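Here the structure comes first, spelled out in structure tokens, and everything after it is commentary.
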Amino acid sequence: METTGYQQQLLAATAHLRAADPRLAAAIDQYGPCTIQPHGDYYGALVNSIIGQQLSVKAAASIKKRFCELFGSESYPAPGQILEKSHDELRSVGLSNAKARYIVDLAEHVLDGRIDFYDIEAKSSAQIIEELTDVKGVGEWTVHMFLMFCMGRLDVLPTGDLGVRNAVRKLYGFEDAPTPAQVTEIAAVNGWHPYETVASWYLWRALENTPS
């Protein structure tokens, strides 16, 4: 996706949300332009997300570095290379038993064609969620982040994200964190579509909890 064109889409999204939702307009004024920058390393993004699950940024970076060094590289190995390593070898860089299995499962999905990154742009977000959550260790939240920050899709609403729910509670006067269904309703009532991704980015900023 052309960067300049995407930036124009972000500007259009910001203008739409500013006009549609006064609460988000205040956040837009406070935090300035949305800075989402999608990229095309779809495979790497998923490997990265698996390694980083439930780890601090520092711990995840250390394991990622050792994982790449296991393959004599500074970047993530190809799926075929991963399958050449034993479970114990993968574990030796600090991966848990589960994460080692998840990365192998992702590699197998790519190699046997169950995941095809070459035609993923043509698929709907629902299709991508169904396809990627078939990988062990990849849940809906992970795919939402993939769609938003890797693919740059603008209409994704991560209703299960605790940061989004807490920001909605804060900005829209809920006593407790709203349910996913209530987040969906807030988005509809306040006219976020088709820019739910950008709305979510500002919600995270309102909590200083941006995941990107």
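In the structure tokens, chains take letters A, B, ... by order of appearance, with residues numbered from 1 within each chain and ligands from 1 in the order shown.
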
Report task. Would you kindly return, as a list of chain:residue names, each protein, DNA or RNA residue with an atom no farther than 9 Å from any atom of Tyr172 (chain A), considering only C-alpha atoms and excluding same-chain residues fewer than 5 positions away? Result ->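 Everything that qualifies: A:Arg23, A:Ala167, A:Ile186.
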
For the residues in the current selection, export C-alpha atoms as a JSON list (two decimals), in the first residue's frame.
[["chain", "number", "residue", "atom", "x", "y", "z"],
["A", 23, "ARG", "CA", -15.38, 12.82, 22.49],
["A", 167, "ALA", "CA", -10.98, 3.94, 27.29],
["A", 186, "ILE", "CA", -20.80, 2.83, 21.09]]

Report task. Please identify all polymer residues within 12 Å of Ala98 (chain A), counting only C-alpha atoms, omitting same-chain residues fewer than 6 positions from it, and present them as a list in words. Result -> Ile50, Ile51, Gln53, His87, Asp88, Leu90, Arg91, Val104, Asp105, Lys136, Gly137 and Val138 of chain A

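Among the candidate residues A:Leu157, A:Ala107, A:Leu147, A:Ile120, the one lying nearest to Tyr195 (chain A) is A:Leu157, with distances computed using only C-alpha atoms.
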
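Closest approach to Gly191 (chain A) from the set A:Glu89, A:Glu208, A:Asp21, A:Asp176 is made by A:Asp21, with distances taken over only C-alpha atoms.
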
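Take the candidates A:Leu106, A:Val198, A:Cys150, A:Leu171 and check each one against Ala15 (chain A) using only C-alpha atoms; the shortest distance goes to A:Val198.
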
Query - helix (DSSP H, G or I) residues, from DSSP on the backbone, in region 11-162 of chain A, as a PyMOL selection string - result: chain A and resi 11-20+22-31+42-52+57-70+79-83+87-91+97-111+120-122+125-132+140-150+162

Query - Proximity to Val110 (chain A) - best of A:Trp141, A:Gly163, A:Tyr43, A:Pro22, only C-alpha atoms - result: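 The answer is A:Tyr43, which sits nearest to Val110 (chain A).
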
Query raised in the report: For Arg101 (chain A), which residue among A:Met145, A:Met151, A:Leu132, A:Val47 is the nearest when counting only C-alpha atoms?
Result: A:Val47

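Among the candidates A:Tyr102, A:Phe149, A:Trp192, A:Trp204, the one nearest to Ala13 (chain A) when counting only C-alpha atoms is A:Trp192.
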